[in-house]
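Student: Sharing final_9.txt, compact mmCIF, C-alpha atoms and all ligand atoms:
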```txt
# COMPACT_ATOMS: atom_id res chain seq x y z
CA MET S 1 14.74 62.18 111.59
CA GLN S 2 16.09 62.01 108.05
CA ARG S 3 17.73 65.05 106.53
CA ILE S 4 20.28 65.48 103.74
CA PHE S 5 23.11 67.99 103.87
CA SER S 6 25.89 68.47 101.33
CA GLY S 7 28.25 71.18 100.13
CA ILE S 8 30.40 72.21 97.19
CA GLN S 9 33.17 74.80 96.97
CA PRO S 10 32.87 77.85 94.68
CA THR S 11 36.46 77.47 93.52
CA GLY S 12 35.70 77.28 89.79
CA VAL S 13 33.24 75.88 87.30
CA PRO S 14 31.82 72.54 88.48
CA HIS S 15 33.00 69.57 86.43
CA LEU S 16 31.73 66.16 85.44
CA GLY S 17 33.13 64.60 88.64
CA ASN S 18 31.16 67.03 90.80
CA TYR S 19 28.06 66.33 88.75
CA LEU S 20 28.17 62.53 88.58
CA GLY S 21 29.79 62.01 91.99
CA ALA S 22 27.59 64.42 93.93
CA VAL S 23 25.17 66.92 92.41
CA ARG S 24 23.13 64.49 90.33
CA ASN S 25 22.52 62.45 93.48
CA TRP S 26 21.47 65.62 95.31
CA VAL S 27 18.85 66.29 92.65
CA ARG S 28 17.38 62.82 93.09
CA LEU S 29 17.50 62.82 96.88
CA GLN S 30 15.58 66.09 97.19
CA HIS S 31 12.46 64.11 96.21
CA GLU S 32 13.06 61.58 99.00
CA MET S 33 14.19 63.57 102.03
CA GLU S 34 14.35 67.09 103.36
CA SER S 35 17.49 68.46 101.64
CA ILE S 36 19.90 71.29 102.39
CA TYR S 37 22.63 72.21 99.88
CA CYS S 38 25.34 74.73 100.53
CA VAL S 39 27.90 76.63 98.45
CA VAL S 40 30.82 76.50 100.87
CA ASP S 41 32.63 79.80 100.38
CA LEU S 42 34.19 79.62 103.86
CA HIS S 43 35.91 76.42 102.76
CA ALA S 44 36.99 78.07 99.51
CA ILE S 45 39.15 80.65 101.30
CA THR S 46 41.23 77.95 103.00
CA GLN S 47 43.22 78.28 99.74
CA PRO S 48 44.00 81.57 97.97
CA GLN S 49 40.98 83.13 96.18
CA ASP S 50 40.70 86.37 94.28
CA PRO S 51 38.32 88.55 96.34
CA LYS S 52 37.07 90.14 93.12
CA GLU S 53 36.02 86.73 91.79
CA LEU S 54 34.71 84.88 94.85
CA ALA S 55 31.23 86.45 95.00
CA LYS S 56 30.79 85.97 91.26
CA GLN S 57 31.88 82.34 91.46
CA THR S 58 29.50 81.76 94.36
CA ARG S 59 26.55 83.06 92.33
CA GLU S 60 27.66 81.13 89.22
CA LEU S 61 27.89 77.90 91.16
CA ALA S 62 24.43 78.46 92.63
CA ALA S 63 23.10 79.03 89.09
CA SER S 64 24.77 75.86 87.93
CA LEU S 65 23.23 73.84 90.79
CA LEU S 66 19.79 75.21 89.94
CA ALA S 67 20.40 74.35 86.27
CA CYS S 68 21.31 70.78 87.29
CA GLY S 69 17.86 70.49 88.85
CA ILE S 70 18.16 71.61 92.48
CA ASP S 71 14.63 72.91 93.02
CA PRO S 72 14.29 75.74 95.54
CA ALA S 73 10.72 74.63 96.19
CA LYS S 74 12.06 71.30 97.47
CA SER S 75 15.57 72.02 98.80
CA LEU S 76 17.29 74.80 100.70
CA LEU S 77 20.11 76.33 98.68
CA PHE S 78 22.32 78.98 100.28
CA HIS S 79 25.93 80.08 100.71
CA GLN S 80 27.80 79.21 103.87
CA SER S 81 29.09 82.69 104.82
CA ALA S 82 25.48 83.92 105.05
CA VAL S 83 24.68 81.58 107.98
CA HIS S 84 26.88 82.20 111.02
CA ALA S 85 25.86 79.11 112.96
CA HIS S 86 28.38 77.05 110.94
CA VAL S 87 31.33 79.06 112.26
CA ARG S 88 30.03 79.06 115.82
CA LEU S 89 29.90 75.27 115.89
CA ALA S 90 33.14 74.94 113.90
CA TRP S 91 35.04 76.81 116.63
CA ILE S 92 33.77 74.41 119.27
CA PHE S 93 34.73 71.47 117.03
CA THR S 94 38.19 72.95 116.56
CA CYS S 95 38.53 72.53 120.32
CA VAL S 96 37.09 68.99 120.20
CA ALA S 97 39.11 67.49 117.31
CA ARG S 98 42.62 66.29 118.14
CA MET S 99 45.78 67.28 116.23
CA GLY S 100 46.45 63.59 115.57
CA TRP S 101 43.07 63.15 113.87
CA LEU S 102 43.61 66.08 111.51
CA ASN S 103 47.20 65.05 110.83
CA ARG S 104 45.86 61.87 109.25
CA MET S 105 43.62 63.65 106.70
CA THR S 106 44.77 62.69 103.22
CA GLN S 107 43.03 65.66 101.56
CA PHE S 108 45.13 68.04 103.68
CA LYS S 109 48.29 66.17 102.72
CA ASP S 110 47.33 66.29 99.03
CA LYS S 111 46.42 69.98 99.07
CA ALA S 112 49.35 71.10 101.20
CA GLY S 113 51.87 69.01 99.27
CA LYS S 114 55.43 70.00 100.07
CA ASP S 115 54.40 73.48 101.18
CA ARG S 116 53.04 72.54 104.63
CA GLU S 117 54.64 75.48 106.44
CA ASN S 118 52.97 77.99 104.12
CA VAL S 119 49.40 76.79 103.78
CA SER S 120 46.69 78.51 105.82
CA THR S 121 45.79 77.16 109.24
CA GLY S 122 42.23 77.10 107.86
CA LEU S 123 43.25 74.37 105.41
CA PHE S 124 44.33 72.22 108.36
CA ILE S 125 41.07 72.65 110.32
CA TYR S 126 38.90 72.47 107.16
CA PRO S 127 37.35 69.13 108.27
CA ASN S 128 36.13 70.68 111.56
CA LEU S 129 34.11 73.22 109.60
CA MET S 130 32.76 70.47 107.37
CA ALA S 131 31.68 68.50 110.45
CA ALA S 132 29.95 71.64 111.75
CA ASP S 133 28.17 72.17 108.38
CA ILE S 134 26.61 68.74 108.68
CA LEU S 135 25.94 68.51 112.40
CA VAL S 136 24.55 72.03 112.82
CA TYR S 137 21.53 70.74 110.85
CA HIS S 138 21.43 67.37 112.64
CA ALA S 139 21.70 65.93 109.12
CA SER S 140 21.41 62.14 108.88
CA HIS S 141 22.73 61.55 105.34
CA VAL S 142 25.53 63.21 103.36
CA PRO S 143 25.73 62.54 99.59
CA VAL S 144 29.32 63.13 98.41
CA GLY S 145 32.00 61.71 96.13
CA ASP S 146 34.36 59.02 97.33
CA ASP S 147 37.11 61.56 98.20
CA GLN S 148 35.06 62.79 101.20
CA ARG S 149 34.84 59.41 102.98
CA GLN S 150 37.58 60.20 105.48
CA HIS S 151 36.06 63.58 106.34
CA LEU S 152 32.74 61.88 107.14
CA GLU S 153 34.47 59.43 109.46
CA LEU S 154 36.08 62.38 111.21
CA THR S 155 32.66 64.05 111.50
CA ASN S 156 31.42 61.03 113.43
CA ASP S 157 34.53 61.01 115.64
CA ILE S 158 33.97 64.68 116.47
CA ALA S 159 30.27 64.08 117.18
CA GLN S 160 31.13 61.19 119.50
CA LYS S 161 33.79 63.13 121.42
CA PHE S 162 31.51 66.16 121.76
CA ASN S 163 28.83 63.88 123.22
CA PHE S 164 31.33 62.25 125.57
CA ASP S 165 32.82 65.58 126.72
CA THR S 166 29.38 67.06 127.43
CA GLY S 167 27.83 63.85 128.78
CA THR S 168 25.05 63.98 126.20
CA GLU S 169 23.86 62.31 123.02
CA PHE S 170 23.32 65.62 121.29
CA PHE S 171 24.77 64.60 117.92
CA LYS S 172 23.77 61.39 116.13
CA PRO S 173 26.05 59.52 113.70
CA VAL S 174 25.81 60.60 110.06
CA GLU S 175 25.83 58.28 107.06
CA GLY S 176 27.65 59.01 103.81
CA LEU S 177 25.82 58.31 100.56
CA ILE S 178 28.67 57.55 98.18
CA GLN S 179 26.93 56.09 95.20
CA GLY S 180 27.19 54.87 91.65
CA PRO S 181 29.84 53.95 89.09
CA ALA S 182 31.10 57.58 89.08
CA ALA S 183 31.69 58.19 92.80
CA ARG S 184 35.29 58.83 91.76
CA VAL S 185 35.67 60.28 88.26
CA MET S 186 39.29 60.35 87.14
CA SER S 187 41.24 62.85 85.04
CA LEU S 188 40.87 62.37 81.27
CA ARG S 189 44.66 62.68 80.96
CA ASP S 190 45.73 60.37 83.78
CA GLY S 191 43.60 57.51 85.12
CA ALA S 192 45.50 57.62 88.44
CA LYS S 193 44.46 61.20 89.30
CA LYS S 194 40.93 62.33 90.17
CA MET S 195 39.19 64.88 87.98
CA SER S 196 39.68 68.19 89.77
CA LYS S 197 39.00 71.91 89.38
CA SER S 198 42.58 72.62 90.35
CA ASP S 199 44.24 70.51 87.62
CA ALA S 200 46.35 72.83 85.47
CA SER S 201 45.20 71.11 82.28
CA ALA S 202 41.65 72.02 81.17
CA GLN S 203 41.86 68.91 78.94
CA SER S 204 41.80 66.75 82.08
CA ARG S 205 38.19 67.58 82.91
CA ILE S 206 34.81 68.33 81.39
CA ASP S 207 33.32 71.50 82.83
CA LEU S 208 29.56 71.87 83.04
CA THR S 209 29.87 75.03 80.90
CA ASP S 210 31.79 73.34 78.04
CA SER S 211 30.29 73.59 74.55
CA ALA S 212 29.36 70.50 72.54
CA ASP S 213 32.55 70.91 70.47
CA GLU S 214 34.76 71.19 73.54
CA ILE S 215 33.20 68.06 75.06
CA ALA S 216 33.68 66.08 71.85
CA LEU S 217 37.30 67.21 71.53
CA LYS S 218 38.18 66.42 75.15
CA ILE S 219 36.68 62.93 74.88
CA ARG S 220 38.42 62.30 71.56
CA ARG S 221 41.75 63.29 73.15
CA ALA S 222 41.12 61.40 76.41
CA LYS S 223 43.95 59.02 77.26
CA THR S 224 43.21 55.34 76.57
CA ASP S 225 45.16 52.19 75.85
CA PRO S 226 45.41 50.42 72.48
CA GLU S 227 43.25 47.36 73.38
CA PRO S 228 39.55 47.22 72.47
CA LEU S 229 36.98 47.36 75.28
CA PRO S 230 36.66 44.09 77.22
CA SER S 231 33.33 42.27 77.43
CA GLU S 232 33.47 41.70 81.20
CA THR S 233 34.36 43.97 84.14
CA GLU S 234 37.40 41.84 85.11
CA GLY S 235 38.92 42.99 81.82
CA LEU S 236 39.06 46.56 83.19
CA GLU S 237 41.60 45.61 85.83
CA GLY S 238 44.88 47.44 85.34
CA ARG S 239 43.21 49.71 82.74
CA PRO S 240 42.29 52.82 84.78
CA GLU S 241 41.55 55.05 81.77
CA ALA S 242 39.23 52.48 80.19
CA ARG S 243 37.52 51.92 83.56
CA ASN S 244 37.00 55.65 83.95
CA LEU S 245 35.33 56.17 80.56
CA VAL S 246 33.14 53.11 81.06
CA GLY S 247 32.20 54.37 84.55
CA ILE S 248 31.21 57.77 83.15
CA TYR S 249 29.12 56.13 80.45
CA ALA S 250 27.47 53.82 83.00
CA ALA S 251 26.62 56.73 85.32
CA LEU S 252 25.11 58.77 82.50
CA GLN S 253 22.93 55.82 81.49
CA ASP S 254 22.14 54.80 85.06
CA VAL S 255 23.50 51.29 84.62
CA ASP S 256 26.63 49.51 85.92
CA HIS S 257 29.99 48.81 84.25
CA ALA S 258 28.91 45.30 83.24
CA ALA S 259 25.87 46.56 81.30
CA VAL S 260 28.03 49.02 79.33
CA LEU S 261 30.52 46.28 78.48
CA ARG S 262 27.74 43.93 77.35
CA GLU S 263 26.76 46.59 74.83
CA HIS S 264 30.19 47.90 73.82
CA GLY S 265 32.65 45.06 74.61
CA GLY S 266 34.95 44.29 71.67
CA LYS S 267 34.63 47.78 70.18
CA GLY S 268 37.63 50.04 69.72
CA PHE S 269 37.81 53.31 71.62
CA GLY S 270 37.09 55.38 68.49
CA ASP S 271 33.48 54.15 68.33
CA PHE S 272 32.96 54.10 72.05
CA LYS S 273 34.25 57.65 72.49
CA LYS S 274 31.84 58.86 69.83
CA SER S 275 28.85 57.35 71.71
CA LEU S 276 30.18 58.71 75.01
CA ALA S 277 30.60 62.23 73.63
CA ASP S 278 27.04 62.18 72.21
CA LEU S 279 25.66 61.02 75.55
CA LEU S 280 27.58 63.72 77.43
CA VAL S 281 26.48 66.48 75.09
CA SER S 282 22.83 65.40 75.29
CA GLN S 283 22.91 65.60 79.12
CA LEU S 284 25.26 68.54 79.72
CA ASP S 285 24.19 70.94 76.97
CA PRO S 286 20.79 71.69 78.56
CA ILE S 287 22.55 72.37 81.88
CA ALA S 288 24.97 74.84 80.27
CA SER S 289 22.20 76.75 78.52
CA GLU S 290 19.99 76.86 81.62
CA THR S 291 22.99 78.18 83.64
CA ARG S 292 23.44 80.98 81.09
CA ARG S 293 19.75 81.79 81.22
CA LEU S 294 19.78 82.01 85.03
CA LEU S 295 22.89 84.19 85.08
CA ALA S 296 21.23 86.69 82.80
CA ASP S 297 19.00 87.40 85.83
CA PRO S 298 21.35 87.42 88.84
CA GLY S 299 18.66 89.01 91.04
CA THR S 300 16.60 85.82 90.91
CA VAL S 301 19.57 83.63 91.86
CA ASP S 302 20.44 85.98 94.73
CA SER S 303 16.91 85.98 96.06
CA ILE S 304 16.85 82.15 96.07
CA LEU S 305 20.11 82.20 98.08
CA ARG S 306 18.75 84.86 100.46
CA GLU S 307 15.60 82.86 101.16
CA GLY S 308 17.65 79.65 101.55
CA ALA S 309 19.95 81.35 104.06
CA ARG S 310 17.01 82.66 106.06
CA LYS S 311 15.50 79.19 106.37
CA ALA S 312 18.89 77.55 107.00
CA ALA S 313 19.61 80.01 109.81
CA ALA S 314 16.25 79.24 111.40
CA ILE S 315 17.22 75.54 111.62
CA SER S 316 20.89 75.88 112.54
CA THR S 317 21.01 78.82 114.97
CA PRO S 318 19.18 76.99 117.77
CA VAL S 319 21.50 73.97 117.31
CA ALA S 320 24.64 76.15 117.58
CA GLU S 321 23.16 77.86 120.64
CA GLU S 322 22.41 74.57 122.33
CA ALA S 323 25.94 73.30 121.60
CA GLU S 324 27.33 76.49 123.17
CA ARG S 325 25.14 75.95 126.23
CA LEU S 326 26.29 72.33 126.53
CA VAL S 327 29.94 73.42 126.39
CA GLY S 328 29.20 75.69 129.34
CA PHE S 329 29.15 79.23 127.97
CA LEU S 330 27.34 81.69 130.24
CA GLN S 331 23.78 82.33 129.04
CA VAL S 332 22.61 85.84 129.89
CA GLY S 333 19.90 86.38 127.28
P1 LIG U 1 34.42 70.12 95.67
O1 LIG U 1 34.44 70.67 94.30
O2 LIG U 1 35.75 69.62 96.13
O3 LIG U 1 33.76 71.03 96.66
O4 LIG U 1 33.50 68.81 95.61
C1 LIG U 1 32.09 68.85 95.59
C2 LIG U 1 31.52 67.43 95.53
O5 LIG U 1 31.96 66.78 94.33
C3 LIG U 1 31.99 66.53 96.68
O6 LIG U 1 30.91 65.71 97.08
C4 LIG U 1 33.09 65.72 96.09
O7 LIG U 1 33.24 64.46 96.72
C5 LIG U 1 32.58 65.55 94.66
N1 LIG U 1 33.70 65.33 93.72
C6 LIG U 1 34.74 66.19 93.50
N2 LIG U 1 35.59 65.68 92.58
C7 LIG U 1 35.06 64.48 92.22
C8 LIG U 1 35.47 63.44 91.29
N3 LIG U 1 36.57 63.57 90.56
N4 LIG U 1 34.68 62.34 91.19
C9 LIG U 1 33.55 62.20 91.93
N5 LIG U 1 33.12 63.13 92.81
C10 LIG U 1 33.86 64.25 92.96
N1 LIG U 2 34.70 69.15 101.65
C1 LIG U 2 33.72 69.02 100.61
C2 LIG U 2 34.47 68.92 99.28
O1 LIG U 2 35.53 69.41 99.09
C3 LIG U 2 32.78 70.20 100.57
C4 LIG U 2 31.97 70.29 101.82
C5 LIG U 2 32.06 71.25 102.77
C6 LIG U 2 30.95 69.39 102.24
N2 LIG U 2 31.17 71.02 103.77
C7 LIG U 2 30.47 69.90 103.49
C8 LIG U 2 30.41 68.22 101.72
C9 LIG U 2 29.48 69.24 104.20
C10 LIG U 2 29.40 67.57 102.44
C11 LIG U 2 28.95 68.08 103.67
O2 LIG U 2 33.96 68.35 98.38
```
Do you think you could lay out the structure here as structure tokens?

Tutor:
Amino acid sequence: MQRIFSGIQPTGVPHLGNYLGAVRNWVRLQHEMESIYCVVDLHAITQPQDPKELAKQTRELAASLLACGIDPAKSLLFHQSAVHAHVRLAWIFTCVARMGWLNRMTQFKDKAGKDRENVSTGLFIYPNLMAADILVYHASHVPVGDDQRQHLELTNDIAQKFNFDTGTEFFKPVEGLIQGPAARVMSLRDGAKKMSKSDASAQSRIDLTDSADEIALKIRRAKTDPEPLPSETEGLEGRPEARNLVGIYAALQDVDHAAVLREHGGKGFGDFKKSLADLLVSQLDPIASETRRLLADPGTVDSILREGARKAAAISTPVAEEAERLVGFLQVG
């Protein structure tokens, strides 16, 4: 069986990296396979969130995903806390995953930084919940950005150990879909850092709610080097900022780096940035206005989420129950 599952955290406005690395692929894949997309609010609270803002951010992110083209007639869209099967399976996985496996997770190391003793225990077991999100739907394919590669490998390790421990083949391996020239969009201020919602500088990222003027200004100010664009991809080596802008351009046009350089090689960044800003505005502006339109009617967004959660629960509850039975919990109902 082929089924897509993916998730995104409601920790702020989605940015260009989320869009090009993940969400745009989700929109395409919903026409090819049964698709389930989730706003992962349980993951969001692994780091401090303002309880007054979380529900609002969850709805805003759902509106933004709909504006990007997630079609509730084709895909399930829901928020994670509304479907309890995820947590039921995540607890079992927390007892399957080994400390050593989680200790190797680079995302935990990055997020915890020097403050390891003070981060939540949820942040440490975050990947177990992610594995449960995917496997509780028996999903076969998971479209994500490049930063989630290690978590997908862990998902398969957990699935394999669960099967071994229970003497079954209940969970099948899952395949990541990590695609395109923008699977890893970098900060506009530092080509060595990925574009992220948590970066202190708003200049480092393009948010999907930015106005045309903000987009143009951020691209104009984006860090580059003094050389003109090369004509061949080898010329991007050692030039992370140039590679990043070319990758963004390529993704927006659905071509590869080489095609962009054939067209723009030899130009200075002034000209190239102008074309890039125009391209961004033409694709992101309609998304921003559609998000605003949807948020003027929060009842409609909420009812899409409610219906998505109902259908998602119908698929995932029996899987969580079967996993609990396989682990050996007493069944009295
Ligand atoms: P998050 O906002 O961390 O929940 O990420 C949601 C999705 O966006 C995941 O599939 C990530 O891999 C993807 N993503 C996040 N940041 C980037 C980035 N800078 N470049 C490409 N994909 C990204
Ligand atoms: N960890 C993912 C991220 O930060 C979000 C996520 C949670 C996810 N559960 C998932 C992605 C399941 C794919 C599948 O981007």

Student: Between S:Ile304, S:Ala192, S:Ala320, S:Cys38, which residue has the minimum interatomic distance to ligand LIG 2 (chain U), considering all atoms listed in the file?

Tutor: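 Using all atoms listed in the file, ligand LIG 2 (chain U) sits closest to S:Cys38.
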
Student: From the list S:Met99, S:Ile315, S:Ile158, S:Leu177, which residue is nearest ligand LIG 2 (chain U) when using only C-alpha atoms and all ligand atoms?

Tutor: S:Leu177

Student: Counting only C-alpha atoms, which residues sit no farther than 12 Å from the position (30.5, 68.1, 70.8) in the file's frame? I'd like them as a ChimeraX atom specification.

Tutor: /S:206,210-220,273-285

Student: Measure the distance from atom CA of S:Leu42 to atom CA of S:Gln203 in Å and round it to one decimal.

Tutor: 28.2 Å

Student: Can you tell me which residues come within 9 Å of ligand LIG 2 (chain U) when counting only C-alpha atoms and all ligand atoms, ideally as a PyMOL selection string?

Tutor: chain S and resi 5-9+18+22+37-44+80+107+126-127+129-135+142-145+147-148+151-152+176

Student: Got time to write the residues from that selection, C-alpha atoms, as a PDB file, keeping the file's coordinate frame?

Tutor:
```
ATOM      1  CA  PHE S   5      23.110  67.990 103.870  1.00  0.00           C
ATOM      2  CA  SER S   6      25.890  68.470 101.330  1.00  0.00           C
ATOM      3  CA  GLY S   7      28.250  71.180 100.130  1.00  0.00           C
ATOM      4  CA  ILE S   8      30.400  72.210  97.190  1.00  0.00           C
ATOM      5  CA  GLN S   9      33.170  74.800  96.970  1.00  0.00           C
ATOM      6  CA  ASN S  18      31.160  67.030  90.800  1.00  0.00           C
ATOM      7  CA  ALA S  22      27.590  64.420  93.930  1.00  0.00           C
ATOM      8  CA  TYR S  37      22.630  72.210  99.880  1.00  0.00           C
ATOM      9  CA  CYS S  38      25.340  74.730 100.530  1.00  0.00           C
ATOM     10  CA  VAL S  39      27.900  76.630  98.450  1.00  0.00           C
ATOM     11  CA  VAL S  40      30.820  76.500 100.870  1.00  0.00           C
ATOM     12  CA  ASP S  41      32.630  79.800 100.380  1.00  0.00           C
ATOM     13  CA  LEU S  42      34.190  79.620 103.860  1.00  0.00           C
ATOM     14  CA  HIS S  43      35.910  76.420 102.760  1.00  0.00           C
ATOM     15  CA  ALA S  44      36.990  78.070  99.510  1.00  0.00           C
ATOM     16  CA  GLN S  80      27.800  79.210 103.870  1.00  0.00           C
ATOM     17  CA  GLN S 107      43.030  65.660 101.560  1.00  0.00           C
ATOM     18  CA  TYR S 126      38.900  72.470 107.160  1.00  0.00           C
ATOM     19  CA  PRO S 127      37.350  69.130 108.270  1.00  0.00           C
ATOM     20  CA  LEU S 129      34.110  73.220 109.600  1.00  0.00           C
ATOM     21  CA  MET S 130      32.760  70.470 107.370  1.00  0.00           C
ATOM     22  CA  ALA S 131      31.680  68.500 110.450  1.00  0.00           C
ATOM     23  CA  ALA S 132      29.950  71.640 111.750  1.00  0.00           C
ATOM     24  CA  ASP S 133      28.170  72.170 108.380  1.00  0.00           C
ATOM     25  CA  ILE S 134      26.610  68.740 108.680  1.00  0.00           C
ATOM     26  CA  LEU S 135      25.940  68.510 112.400  1.00  0.00           C
ATOM     27  CA  VAL S 142      25.530  63.210 103.360  1.00  0.00           C
ATOM     28  CA  PRO S 143      25.730  62.540  99.590  1.00  0.00           C
ATOM     29  CA  VAL S 144      29.320  63.130  98.410  1.00  0.00           C
ATOM     30  CA  GLY S 145      32.000  61.710  96.130  1.00  0.00           C
ATOM     31  CA  ASP S 147      37.110  61.560  98.200  1.00  0.00           C
ATOM     32  CA  GLN S 148      35.060  62.790 101.200  1.00  0.00           C
ATOM     33  CA  HIS S 151      36.060  63.580 106.340  1.00  0.00           C
ATOM     34  CA  LEU S 152      32.740  61.880 107.140  1.00  0.00           C
ATOM     35  CA  GLY S 176      27.650  59.010 103.810  1.00  0.00           C
TER      36      GLY S 176
END
```

Student: Taking all atoms listed in the file into account, name the residue in S:Pro228, S:Gly122, S:Gly69, S:Gly235 that is nearest to S:Arg24.

Tutor: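 Closest to S:Arg24 of all the choices is S:Gly69.
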
Student: Which one of S:Ile125, S:Ile4, S:Val23, S:Val119 sits closest to ligand LIG 1 (chain U) if you count all atoms listed in the file?

Tutor: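 So, comparing all the options, the nearest one is S:Val23.
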
Student: My list of candidates is S:Met33, S:Val246, S:Met1, S:Ala112. Which is closest to S:Glu263 when distances are computed with all atoms listed in the file?

Tutor: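 Looking at the shortest contact to S:Glu263, the residue is S:Val246.
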
Student: Would you give the centre and edge lengths, in Å to one decimal, of a box along x, y and z around the listed atoms of ligand LIG 1 (chain U), with 8 Å added to each side, as lines of an AutoDock Vina configuration file?

Tutor:
```
center_x = 33.7
center_y = 66.6
center_z = 93.8
size_x = 21.7
size_y = 24.8
size_z = 22.5
```

Student: With all atoms listed in the file as the basis for distance, which of S:Ile36, S:Leu188, S:Ala313, S:Val27 is at the shortest distance from S:Leu65?

Tutor: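 The closest residue to S:Leu65 is S:Val27.
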
Student: Can you tell me how far atom CA of S:Pro48 sits from atom CA of S:Lys197, in Å to one decimal?

Tutor: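 Spanning atom CA of S:Pro48 to atom CA of S:Lys197 is a straight-line distance of 13.9 Å.
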
Student: Could you list, as an MDAnalysis selection string, every residue within 7 Å of S:Val327, counting only C-alpha atoms and ignoring same-chain residues fewer than 3 positions away?

Tutor: chainID S and resid 166 323:324

Student: Distance atom CA of S:Gly21-atom N2 of ligand LIG 1 (chain U), one decimal place?

Tutor: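 Distance between the two atoms: 6.9 Å.
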
Student: If we count only C-alpha atoms, what is near S:Asp199 at a cut-off of 10 Å, once residues fewer than 6 positions away on the same chain are taken out, given as number ranges by chain?

Tutor: S: 187, 193, 205

Student: Write out as a list of chain:residue names each polymer residue whose atoms come within 9 Å of S:Gln150, counting all atoms listed in the file; drop sequence neighbours fewer than 5 positions from it.

Tutor: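 Here the qualifying residues turn out to be S:Met105, S:Thr106, S:Gln107, S:Thr155.
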
Student: With 6 Å as the threshold, what does the neighbourhood of (44.1, 56.4, 76.1) contain in terms of residues, counting all atoms listed in the file? Coordinates are those of the file; answer as an MDAnalysis selection string.

Tutor: chainID S and resid 222:225

Student: Write out as a list in words the residues lying within 6 Å of S:Thr94, counting all atoms listed in the file and excluding same-chain residues fewer than 3 positions away.

Tutor: Trp91, Ala97 and Asn128 of chain S
